$ cat query.tsv   # TSV, N, CA and C atoms
chain	number	residue	atom	x	y	z
A	257	MET	N	-27.58	48.06	27.95
A	257	MET	CA	-27.38	48.63	26.63
A	257	MET	C	-25.91	48.96	26.44
A	258	GLU	N	-25.44	48.79	25.20
A	258	GLU	CA	-24.07	49.16	24.86
A	258	GLU	C	-24.10	50.44	24.06
A	259	THR	N	-22.99	51.10	23.98
A	259	THR	CA	-22.90	52.32	23.19
A	259	THR	C	-21.66	52.25	22.32
A	260	ASN	N	-21.74	52.84	21.13
A	260	ASN	CA	-20.57	52.88	20.26
A	260	ASN	C	-20.06	54.31	20.14
A	261	GLY	N	-20.44	55.16	21.02
A	261	GLY	CA	-20.00	56.54	20.99
A	261	GLY	C	-21.09	57.49	20.56
A	262	LEU	N	-21.88	57.10	19.57
A	262	LEU	CA	-22.93	57.96	19.07
A	262	LEU	C	-24.32	57.42	19.36
A	263	PHE	N	-24.46	56.12	19.30
A	263	PHE	CA	-25.76	55.50	19.43
A	263	PHE	C	-25.75	54.44	20.52
A	264	HIS	N	-26.87	54.25	21.13
A	264	HIS	CA	-27.02	53.14	22.06
A	264	HIS	C	-27.41	51.91	21.24
A	265	ILE	N	-26.71	50.82	21.44
A	265	ILE	CA	-26.98	49.58	20.70
A	265	ILE	C	-27.70	48.63	21.64
A	266	ARG	N	-28.86	48.23	21.22
A	266	ARG	CA	-29.64	47.30	22.02
A	266	ARG	C	-29.62	45.95	21.33
A	267	LYS	N	-29.07	44.97	21.95
A	267	LYS	CA	-29.01	43.64	21.36
A	267	LYS	C	-30.35	42.97	21.48
A	268	MET	N	-30.80	42.42	20.37
A	268	MET	CA	-32.06	41.68	20.36
A	268	MET	C	-31.78	40.29	20.92
A	269	ARG	N	-32.50	39.94	21.96
A	269	ARG	CA	-32.31	38.61	22.55
A	269	ARG	C	-33.68	37.96	22.71
A	270	TRP	N	-33.68	36.65	22.63
A	270	TRP	CA	-34.91	35.90	22.83
A	270	TRP	C	-34.58	34.64	23.60
A	271	ARG	N	-35.57	34.04	24.12
A	271	ARG	CA	-35.37	32.81	24.89
A	271	ARG	C	-35.88	31.62	24.07
A	272	ASN	N	-35.08	30.57	24.05
A	272	ASN	CA	-35.53	29.37	23.35
A	272	ASN	C	-36.41	28.54	24.29
A	273	ALA	N	-36.81	27.38	23.87
A	273	ALA	CA	-37.75	26.56	24.63
A	273	ALA	C	-37.21	26.19	26.01
A	274	SER	N	-35.90	26.06	26.15
A	274	SER	CA	-35.33	25.70	27.45
A	274	SER	C	-35.10	26.91	28.34
A	275	GLY	N	-35.39	28.10	27.84
A	275	GLY	CA	-35.25	29.31	28.64
A	275	GLY	C	-33.90	29.97	28.52
A	276	THR	N	-33.00	29.42	27.69
A	276	THR	CA	-31.69	30.01	27.50
A	276	THR	C	-31.80	31.21	26.57
A	277	ARG	N	-31.08	32.29	26.92
A	277	ARG	CA	-31.12	33.49	26.08
A	277	ARG	C	-30.14	33.34	24.93
A	278	ARG	N	-30.56	33.81	23.75
A	278	ARG	CA	-29.70	33.75	22.55
A	278	ARG	C	-29.86	35.02	21.77
A	279	ASP	N	-28.85	35.34	20.95
A	279	ASP	CA	-28.97	36.48	20.04
A	279	ASP	C	-29.95	36.10	18.95
A	280	ALA	N	-30.92	37.00	18.68
A	280	ALA	CA	-31.98	36.69	17.71
A	280	ALA	C	-31.46	36.61	16.29
A	281	GLY	N	-30.50	37.43	15.92
A	281	GLY	CA	-30.03	37.49	14.54
A	281	GLY	C	-29.12	36.36	14.12
A	282	ARG	N	-28.39	35.77	15.04
A	282	ARG	CA	-27.38	34.77	14.70
A	282	ARG	C	-27.98	33.52	14.08
A	283	GLY	N	-29.02	32.97	14.65
A	283	GLY	CA	-29.65	31.75	14.13
A	283	GLY	C	-30.31	31.98	12.78
A	284	LYS	N	-30.93	33.14	12.60
A	284	LYS	CA	-31.58	33.45	11.33
A	284	LYS	C	-30.56	33.61	10.22
A	285	LEU	N	-29.44	34.26	10.53
A	285	LEU	CA	-28.40	34.46	9.52
A	285	LEU	C	-27.81	33.11	9.09
A	286	THR	N	-27.54	32.25	10.04
A	286	THR	CA	-26.99	30.93	9.73
A	286	THR	C	-27.97	30.13	8.87
A	287	THR	N	-29.23	30.16	9.23
A	287	THR	CA	-30.25	29.45	8.46
A	287	THR	C	-30.37	30.01	7.05
A	288	THR	N	-30.35	31.32	6.92
A	288	THR	CA	-30.44	31.96	5.61
A	288	THR	C	-29.27	31.57	4.73
A	289	ILE	N	-28.05	31.61	5.28
A	289	ILE	CA	-26.86	31.24	4.51
A	289	ILE	C	-26.94	29.78	4.08
A	290	LEU	N	-27.38	28.91	4.98
A	290	LEU	CA	-27.51	27.48	4.65
A	290	LEU	C	-28.51	27.26	3.52
A	291	ILE	N	-29.66	27.91	3.61
A	291	ILE	CA	-30.69	27.75	2.57
A	291	ILE	C	-30.20	28.28	1.23
A	292	LEU	N	-29.56	29.44	1.22
A	292	LEU	CA	-29.04	30.00	-0.03
A	292	LEU	C	-27.96	29.11	-0.64
A	293	SER	N	-27.12	28.52	0.19
A	293	SER	CA	-26.08	27.62	-0.31
A	293	SER	C	-26.69	26.38	-0.97
A	294	ILE	N	-27.71	25.82	-0.34
A	294	ILE	CA	-28.37	24.63	-0.89
A	294	ILE	C	-29.04	24.98	-2.22
A	295	LEU	N	-29.72	26.13	-2.28
A	295	LEU	CA	-30.38	26.54	-3.52
A	295	LEU	C	-29.37	26.78	-4.63
A	296	LEU	N	-28.22	27.35	-4.30
A	296	LEU	CA	-27.19	27.58	-5.30
A	296	LEU	C	-26.66	26.26	-5.86
A	297	ILE	N	-26.41	25.31	-4.98
A	297	ILE	CA	-25.90	24.01	-5.42
A	297	ILE	C	-26.93	23.30	-6.29
A	298	LEU	N	-28.19	23.31	-5.87
A	298	LEU	CA	-29.24	22.65	-6.65
A	298	LEU	C	-29.46	23.35	-7.99
A	299	GLY	N	-29.38	24.66	-8.00
A	299	GLY	CA	-29.57	25.42	-9.23
A	299	GLY	C	-28.48	25.13	-10.24
A	300	CYS	N	-27.25	25.00	-9.78
A	300	CYS	CA	-26.14	24.73	-10.69
A	300	CYS	C	-26.17	23.31	-11.22
A	301	SER	N	-26.62	22.38	-10.41
A	301	SER	CA	-26.58	20.98	-10.83
A	301	SER	C	-27.83	20.55	-11.59
A	302	SER	N	-28.86	21.39	-11.62
A	302	SER	CA	-30.10	20.96	-12.27
A	302	SER	C	-30.22	21.46	-13.71
A	303	GLN	N	-29.17	22.06	-14.25
A	303	GLN	CA	-29.25	22.51	-15.63
A	303	GLN	C	-29.21	21.29	-16.54
A	304	ARG	N	-30.23	21.21	-17.37
A	304	ARG	CA	-30.30	20.08	-18.28
A	304	ARG	C	-29.46	20.37	-19.52
A	305	PRO	N	-28.82	19.37	-20.06
A	305	PRO	CA	-28.06	19.58	-21.30
A	305	PRO	C	-29.01	19.75	-22.48
A	306	PHE	N	-28.61	20.56	-23.43
A	306	PHE	CA	-29.40	20.81	-24.62
A	306	PHE	C	-28.60	20.46	-25.86
A	307	ALA	N	-29.33	20.20	-26.94
A	307	ALA	CA	-28.73	20.14	-28.26
A	307	ALA	C	-28.84	21.56	-28.82
A	308	VAL	N	-27.90	21.97	-29.63
A	308	VAL	CA	-27.89	23.30	-30.22
A	308	VAL	C	-28.17	23.18	-31.70
A	309	VAL	N	-29.16	23.93	-32.19
A	309	VAL	CA	-29.46	23.96	-33.62
A	309	VAL	C	-29.09	25.35	-34.11
A	310	ASP	N	-28.09	25.41	-34.98
A	310	ASP	CA	-27.58	26.68	-35.49
A	310	ASP	C	-28.22	26.95	-36.84
A	311	ASP	N	-29.09	27.95	-36.88
A	311	ASP	CA	-29.73	28.29	-38.14
A	311	ASP	C	-29.35	29.70	-38.59
A	312	VAL	N	-28.40	30.32	-37.91
A	312	VAL	CA	-28.05	31.70	-38.22
A	312	VAL	C	-26.61	31.85	-38.70
A	313	THR	N	-25.69	31.21	-38.02
A	313	THR	CA	-24.27	31.42	-38.34
A	313	THR	C	-23.67	30.32	-39.19
A	314	VAL	N	-24.48	29.64	-39.94
A	314	VAL	CA	-23.99	28.59	-40.83
A	314	VAL	C	-23.16	29.24	-41.94
A	315	PRO	N	-21.98	28.70	-42.26
A	315	PRO	CA	-21.18	29.27	-43.34
A	315	PRO	C	-21.99	29.37	-44.64
A	316	SER	N	-21.75	30.41	-45.42
A	316	SER	CA	-22.56	30.66	-46.62
A	316	SER	C	-22.56	29.48	-47.59
A	317	ARG	N	-21.48	28.73	-47.69
A	317	ARG	CA	-21.45	27.59	-48.61
A	317	ARG	C	-22.37	26.47	-48.15
A	318	LEU	N	-22.74	26.47	-46.84
A	318	LEU	CA	-23.62	25.43	-46.30
A	318	LEU	C	-25.02	25.95	-45.99
A	319	ASP	N	-25.23	27.25	-46.10
A	319	ASP	CA	-26.50	27.86	-45.70
A	319	ASP	C	-27.61	27.47	-46.68
A	320	THR	N	-28.74	27.04	-46.12
A	320	THR	CA	-29.89	26.65	-46.94
A	320	THR	C	-30.86	27.80	-47.12
A	321	GLY	N	-30.70	28.87	-46.32
A	321	GLY	CA	-31.62	30.00	-46.39
A	321	GLY	C	-32.84	29.82	-45.52
A	322	TYR	N	-32.89	28.76	-44.73
A	322	TYR	CA	-34.04	28.48	-43.87
A	322	TYR	C	-33.71	28.84	-42.42
A	323	LYS	N	-34.75	29.31	-41.72
A	323	LYS	CA	-34.62	29.65	-40.31
A	323	LYS	C	-35.59	28.78	-39.51
A	324	LEU	N	-35.12	28.26	-38.38
A	324	LEU	CA	-35.95	27.42	-37.52
A	324	LEU	C	-37.00	28.28	-36.83
A	325	ILE	N	-38.29	27.91	-36.98
A	325	ILE	CA	-39.36	28.70	-36.37
A	325	ILE	C	-40.13	27.95	-35.29
A	326	GLU	N	-40.16	26.62	-35.37
A	326	GLU	CA	-40.89	25.82	-34.37
A	326	GLU	C	-40.19	24.49	-34.12
A	327	VAL	N	-40.33	24.01	-32.88
A	327	VAL	CA	-39.90	22.66	-32.52
A	327	VAL	C	-41.11	21.99	-31.87
A	328	ASP	N	-41.58	20.93	-32.48
A	328	ASP	CA	-42.77	20.21	-31.99
A	328	ASP	C	-43.99	21.13	-31.87
A	329	GLY	N	-44.12	22.06	-32.80
A	329	GLY	CA	-45.27	22.96	-32.82
A	329	GLY	C	-45.21	24.11	-31.85
A	330	MET	N	-44.12	24.24	-31.11
A	330	MET	CA	-43.95	25.32	-30.13
A	330	MET	C	-42.87	26.29	-30.62
A	331	PRO	N	-42.95	27.56	-30.21
A	331	PRO	CA	-41.91	28.51	-30.59
A	331	PRO	C	-40.53	28.04	-30.15
A	332	VAL	N	-39.53	28.45	-30.89
A	332	VAL	CA	-38.15	28.02	-30.63
A	332	VAL	C	-37.61	28.71	-29.38
A	333	LYS	N	-36.94	27.93	-28.53
A	333	LYS	CA	-36.27	28.49	-27.37
A	333	LYS	C	-34.86	28.87	-27.82
A	334	ARG	N	-34.54	30.15	-27.71
A	334	ARG	CA	-33.23	30.65	-28.16
A	334	ARG	C	-32.29	30.85	-26.97
A	335	ALA	N	-31.00	30.69	-27.23
A	335	ALA	CA	-29.99	30.94	-26.20
A	335	ALA	C	-29.99	32.42	-25.86
A	336	ARG	N	-29.90	32.71	-24.58
A	336	ARG	CA	-29.83	34.10	-24.13
A	336	ARG	C	-28.73	34.21	-23.08
A	337	GLY	N	-28.15	35.36	-23.03
A	337	GLY	CA	-27.13	35.64	-22.03
A	337	GLY	C	-27.34	37.01	-21.46
A	338	ARG	N	-26.40	37.45	-20.64
A	338	ARG	CA	-26.49	38.79	-20.07
A	338	ARG	C	-26.38	39.85	-21.15
A	339	VAL	N	-25.57	39.57	-22.16
A	339	VAL	CA	-25.40	40.49	-23.27
A	339	VAL	C	-26.14	39.91	-24.46
A	340	VAL	N	-26.89	40.74	-25.16
A	340	VAL	CA	-27.61	40.26	-26.34
A	340	VAL	C	-26.58	39.90	-27.41
A	341	THR	N	-26.65	38.68	-27.89
A	341	THR	CA	-25.69	38.22	-28.89
A	341	THR	C	-26.30	38.27	-30.27
A	342	MET	N	-25.47	38.19	-31.24
A	342	MET	CA	-25.91	38.12	-32.63
A	342	MET	C	-25.97	36.67	-33.09
A	343	ILE	N	-25.83	35.72	-32.17
A	343	ILE	CA	-25.85	34.30	-32.50
A	343	ILE	C	-26.96	33.64	-31.70
A	344	PRO	N	-28.21	33.86	-32.08
A	344	PRO	CA	-29.32	33.29	-31.31
A	344	PRO	C	-29.62	31.84	-31.68
A	345	VAL	N	-28.72	30.94	-31.32
A	345	VAL	CA	-28.93	29.53	-31.66
A	345	VAL	C	-30.13	28.99	-30.90
A	346	ALA	N	-30.73	27.95	-31.42
A	346	ALA	CA	-31.89	27.32	-30.79
A	346	ALA	C	-31.41	26.24	-29.83
A	347	LEU	N	-32.03	26.18	-28.65
A	347	LEU	CA	-31.72	25.14	-27.67
A	347	LEU	C	-32.86	24.13	-27.66
A	348	VAL	N	-32.52	22.87	-27.85
A	348	VAL	CA	-33.53	21.81	-27.97
A	348	VAL	C	-33.17	20.69	-27.00
A	349	GLU	N	-34.17	20.21	-26.28
A	349	GLU	CA	-33.93	19.08	-25.38
A	349	GLU	C	-33.62	17.83	-26.22
A	350	PRO	N	-32.75	16.97	-25.72
A	350	PRO	CA	-32.41	15.75	-26.46
A	350	PRO	C	-33.65	14.89	-26.71
A	351	GLY	N	-33.64	14.20	-27.83
A	351	GLY	CA	-34.74	13.29	-28.16
A	351	GLY	C	-35.28	13.49	-29.55
A	352	LYS	N	-36.46	12.91	-29.81
A	352	LYS	CA	-37.10	12.97	-31.13
A	352	LYS	C	-37.93	14.25	-31.22
A	353	HIS	N	-37.78	14.98	-32.32
A	353	HIS	CA	-38.50	16.24	-32.51
A	353	HIS	C	-38.87	16.44	-33.97
A	354	THR	N	-39.90	17.25	-34.17
A	354	THR	CA	-40.25	17.72	-35.50
A	354	THR	C	-39.87	19.20	-35.56
A	355	PHE	N	-38.98	19.53	-36.48
A	355	PHE	CA	-38.48	20.89	-36.64
A	355	PHE	C	-39.18	21.54	-37.83
A	356	THR	N	-39.69	22.74	-37.65
A	356	THR	CA	-40.35	23.47	-38.73
A	356	THR	C	-39.46	24.64	-39.12
A	357	TRP	N	-39.16	24.72	-40.42
A	357	TRP	CA	-38.23	25.73	-40.94
A	357	TRP	C	-38.97	26.61	-41.95
A	358	GLU	N	-38.56	27.87	-42.03
A	358	GLU	CA	-39.15	28.81	-42.99
A	358	GLU	C	-38.01	29.46	-43.77
A	359	ASP	N	-38.19	29.56	-45.09
A	359	ASP	CA	-37.12	30.16	-45.89
A	359	ASP	C	-37.24	31.68	-45.89
A	360	SER	N	-36.19	32.33	-46.37
A	360	SER	CA	-36.16	33.79	-46.36
A	360	SER	C	-36.71	34.40	-47.65
A	361	GLY	N	-37.14	33.58	-48.57
A	361	GLY	CA	-37.64	34.07	-49.85
A	361	GLY	C	-39.09	34.50	-49.80
A	362	THR	N	-39.54	35.01	-50.95
A	362	THR	CA	-40.95	35.40	-51.09
A	362	THR	C	-41.48	34.64	-52.29
A	363	PRO	N	-42.57	33.93	-52.23
A	363	PRO	CA	-43.36	33.66	-51.03
A	363	PRO	C	-42.62	32.72	-50.09
A	364	LYS	N	-42.99	32.77	-48.85
A	364	LYS	CA	-42.34	31.95	-47.82
A	364	LYS	C	-42.67	30.48	-48.03
A	365	LYS	N	-41.64	29.64	-47.93
A	365	LYS	CA	-41.83	28.20	-47.98
A	365	LYS	C	-41.55	27.64	-46.60
A	366	VAL	N	-42.37	26.71	-46.16
A	366	VAL	CA	-42.20	26.09	-44.85
A	366	VAL	C	-41.97	24.60	-45.05
A	367	ILE	N	-40.96	24.07	-44.37
A	367	ILE	CA	-40.69	22.63	-44.43
A	367	ILE	C	-40.62	22.08	-43.01
A	368	SER	N	-40.89	20.80	-42.87
A	368	SER	CA	-40.77	20.12	-41.58
A	368	SER	C	-39.77	18.99	-41.71
A	369	VAL	N	-38.94	18.84	-40.69
A	369	VAL	CA	-37.92	17.80	-40.67
A	369	VAL	C	-38.03	17.06	-39.34
A	370	PHE	N	-38.14	15.74	-39.40
A	370	PHE	CA	-38.14	14.92	-38.19
A	370	PHE	C	-36.72	14.46	-37.93
A	371	ALA	N	-36.24	14.62	-36.68
A	371	ALA	CA	-34.87	14.21	-36.36
A	371	ALA	C	-34.75	13.88	-34.88
A	372	VAL	N	-33.72	13.11	-34.57
A	372	VAL	CA	-33.37	12.80	-33.20
A	372	VAL	C	-32.08	13.54	-32.89
A	373	VAL	N	-32.08	14.31	-31.79
A	373	VAL	CA	-30.88	15.08	-31.43
A	373	VAL	C	-30.35	14.59	-30.08
A	374	ASP	N	-29.03	14.69	-29.93
A	374	ASP	CA	-28.35	14.28	-28.70
A	374	ASP	C	-27.90	15.52	-27.93
A	375	ALA	N	-27.78	15.37	-26.62
A	375	ALA	CA	-27.33	16.47	-25.77
A	375	ALA	C	-25.90	16.87	-26.10
A	376	ASP	N	-25.62	18.14	-25.91
A	376	ASP	CA	-24.27	18.69	-26.07
A	376	ASP	C	-23.70	18.52	-27.48
A	377	LYS	N	-24.57	18.44	-28.48
A	377	LYS	CA	-24.11	18.40	-29.87
A	377	LYS	C	-24.75	19.56	-30.61
A	378	SER	N	-24.11	19.97	-31.70
A	378	SER	CA	-24.60	21.08	-32.50
A	378	SER	C	-25.07	20.56	-33.85
A	379	TYR	N	-26.20	21.08	-34.32
A	379	TYR	CA	-26.81	20.61	-35.57
A	379	TYR	C	-27.12	21.79	-36.48
A	380	ARG	N	-27.30	21.49	-37.76
A	380	ARG	CA	-27.74	22.48	-38.75
A	380	ARG	C	-28.57	21.77	-39.82
A	381	LEU	N	-29.33	22.55	-40.57
A	381	LEU	CA	-30.13	22.01	-41.67
A	381	LEU	C	-29.24	21.86	-42.89
A	382	ALA	N	-29.38	20.74	-43.60
A	382	ALA	CA	-28.58	20.51	-44.80
A	382	ALA	C	-29.48	20.02	-45.92
A	383	ASP	N	-29.10	20.37	-47.14
A	383	ASP	CA	-29.81	19.93	-48.34
A	383	ASP	C	-29.04	18.74	-48.92
A	384	ARG	N	-29.62	17.55	-48.82
A	384	ARG	CA	-28.99	16.33	-49.33
A	384	ARG	C	-29.78	15.86	-50.55
A	385	ASP	N	-29.31	16.24	-51.74
A	385	ASP	CA	-29.94	15.85	-53.00
A	385	ASP	C	-31.42	16.23	-53.04
A	386	GLY	N	-31.73	17.44	-52.62
A	386	GLY	CA	-33.10	17.94	-52.67
A	386	GLY	C	-33.94	17.62	-51.46
A	387	ALA	N	-33.43	16.81	-50.55
A	387	ALA	CA	-34.15	16.49	-49.31
A	387	ALA	C	-33.44	17.19	-48.15
A	388	PHE	N	-34.21	17.86	-47.33
A	388	PHE	CA	-33.63	18.56	-46.19
A	388	PHE	C	-33.55	17.62	-44.98
A	389	VAL	N	-32.38	17.61	-44.35
A	389	VAL	CA	-32.15	16.78	-43.16
A	389	VAL	C	-31.38	17.60	-42.12
A	390	LEU	N	-31.51	17.19	-40.88
A	390	LEU	CA	-30.75	17.81	-39.80
A	390	LEU	C	-29.48	17.00	-39.64
A	391	VAL	N	-28.31	17.67	-39.72
A	391	VAL	CA	-27.03	16.98	-39.62
A	391	VAL	C	-26.22	17.60	-38.49
A	392	GLU	N	-25.30	16.82	-37.95
A	392	GLU	CA	-24.42	17.34	-36.92
A	392	GLU	C	-23.48	18.37	-37.54
A	393	ASP	N	-23.36	19.52	-36.89
A	393	ASP	CA	-22.53	20.61	-37.41
A	393	ASP	C	-21.11	20.41	-36.91
A	394	LEU	N	-20.22	20.03	-37.81
A	394	LEU	CA	-18.84	19.77	-37.45
A	394	LEU	C	-17.91	20.92	-37.76
A	395	ASP	N	-18.44	21.98	-38.36
A	395	ASP	CA	-17.60	23.15	-38.70
A	395	ASP	C	-17.38	24.04	-37.52
$ encode --input "query.tsv" --output "structure tokens"
Amino acid sequence: METNGLFHIRKMRWRNASGTRRDAGRGKLTTTILILSILLILGCSSQRPFAVVDDVTVPSRLDTGYKLIEVDGMPVKRARGRVVTMIPVALVEPGKHTFTWEDSGTPKKVISVFAVVDADKSYRLADRDGAFVLVEDLD
């Protein structure tokens, strides 16, 4: 046993299959660090790109008054961070989708728009001669 002045320190030792003695904690710590490193790398690289649909911060001259409520019949997935933001844009996987929008008026009007979105692009709802379409947001 070793002592550090106040306490007796007993090193945990075990024998491996060949009978050699080893410190018990060293192999476990190395394995734990290796596993955590692999999980961190996989977690960072597995983030899928999303298209962003902005239905909140559209400039007033372009605002249609509609808010996105569903994508393909499912509730909208909103961007979230550590701090609650006032810009809850919708995150949508790339591809073909049916977007359901609801206006802010009374009575509520609901419209559906079919569109194809690309990853890492931002979109908004636009009124094109009375027809609503999803357009790339360049502002």
$ residues_around --input "query.tsv" --residues "Leu318 (chain A)" --least-positions-apart "5" --cutoff "8 Å" --atoms "only N, CA and C atoms" --output "list of chain:residue names"
A:Leu381, A:Ala382, A:Asp383
$ atom_distance --input "query.tsv" --atom1 "CA of Asp359 (chain A)" --atom2 "CA of Pro305 (chain A)"
28.3 Å
$ residues_around --input "query.tsv" --residues "Gly361 (chain A)" --least-positions-apart "6" --cutoff "12 Å" --atoms "only C-alpha atoms" --output "ChimeraX atom specification"
/A:320-323
$ residues_around --input "query.tsv" --residues "Val366 (chain A)" --least-positions-apart "2" --cutoff "9 Å" --atoms "only C-alpha atoms" --output "PDB file with N, CA and C atoms, in the frame of the given file"
ATOM      1  N   TYR A 322     -32.890  28.760 -44.730  1.00  0.00           N
ATOM      2  CA  TYR A 322     -34.040  28.480 -43.870  1.00  0.00           C
ATOM      3  C   TYR A 322     -33.710  28.840 -42.420  1.00  0.00           C
ATOM      4  N   THR A 356     -39.690  22.740 -37.650  1.00  0.00           N
ATOM      5  CA  THR A 356     -40.350  23.470 -38.730  1.00  0.00           C
ATOM      6  C   THR A 356     -39.460  24.640 -39.120  1.00  0.00           C
ATOM      7  N   TRP A 357     -39.160  24.720 -40.420  1.00  0.00           N
ATOM      8  CA  TRP A 357     -38.230  25.730 -40.940  1.00  0.00           C
ATOM      9  C   TRP A 357     -38.970  26.610 -41.950  1.00  0.00           C
ATOM     10  N   GLU A 358     -38.560  27.870 -42.030  1.00  0.00           N
ATOM     11  CA  GLU A 358     -39.150  28.810 -42.990  1.00  0.00           C
ATOM     12  C   GLU A 358     -38.010  29.460 -43.770  1.00  0.00           C
ATOM     13  N   ASP A 359     -38.190  29.560 -45.090  1.00  0.00           N
ATOM     14  CA  ASP A 359     -37.120  30.160 -45.890  1.00  0.00           C
ATOM     15  C   ASP A 359     -37.240  31.680 -45.890  1.00  0.00           C
ATOM     16  N   LYS A 364     -42.990  32.770 -48.850  1.00  0.00           N
ATOM     17  CA  LYS A 364     -42.340  31.950 -47.820  1.00  0.00           C
ATOM     18  C   LYS A 364     -42.670  30.480 -48.030  1.00  0.00           C
ATOM     19  N   SER A 368     -40.890  20.800 -42.870  1.00  0.00           N
ATOM     20  CA  SER A 368     -40.770  20.120 -41.580  1.00  0.00           C
ATOM     21  C   SER A 368     -39.770  18.990 -41.710  1.00  0.00           C
TER      22      SER A 368
END
$ atom_distance --input "query.tsv" --atom1 "atom N of Val369 (chain A)" --atom2 "atom N of His353 (chain A)"
9.3 Å
$ closest_residue --input "query.tsv" --among "A:Met330, A:Val309, A:Ala335, A:Leu394" --to "Ala375 (chain A)" --atoms "only C-alpha atoms"
A:Val309
$ residues_around --input "query.tsv" --residues "Glu392 (chain A)" --least-positions-apart "4" --cutoff "5 Å" --atoms "all atoms listed in the file" --output "list in words"
Ser378, Tyr379 and Arg380 of chain A
$ residues_near_point --input "query.tsv" --point "(-37.7, 20.8, -31.7)" --cutoff "7 Å" --atoms "all atoms listed in the file" --output "JSON, numbers by chain"
{"A": [326, 327, 328, 329, 348, 349, 352, 353, 354, 355, 356]}
$ select_by_dssp --input "query.tsv" --residues "region 312-388 of chain A" --states "strand (DSSP E)" --output "VMD selection string"
chain A and resid 322 to 327 330 to 331 346 to 348 351 to 359 366 to 373 378 to 384 387 to 388
$ atom_distance --input "query.tsv" --atom1 "CA of Val308 (chain A)" --atom2 "CA of Arg384 (chain A)"
20.4 Å
$ residues_near_point --input "query.tsv" --point "(-32.8, 29.5, -20.9)" --cutoff "8 Å" --atoms "all atoms listed in the file" --output "MDAnalysis selection string"
chainID A and resid 333:337
$ closest_residue --input "query.tsv" --among "A:Lys284, A:Lys365, A:Arg317, A:Lys377" --to "Asp393 (chain A)" --atoms "all atoms listed in the file"
A:Lys377
$ closest_residue --input "query.tsv" --among "A:Val332, A:Ile325, A:Ser360, A:Asp374" --to "Leu347 (chain A)" --atoms "only N, CA and C atoms"
A:Val332
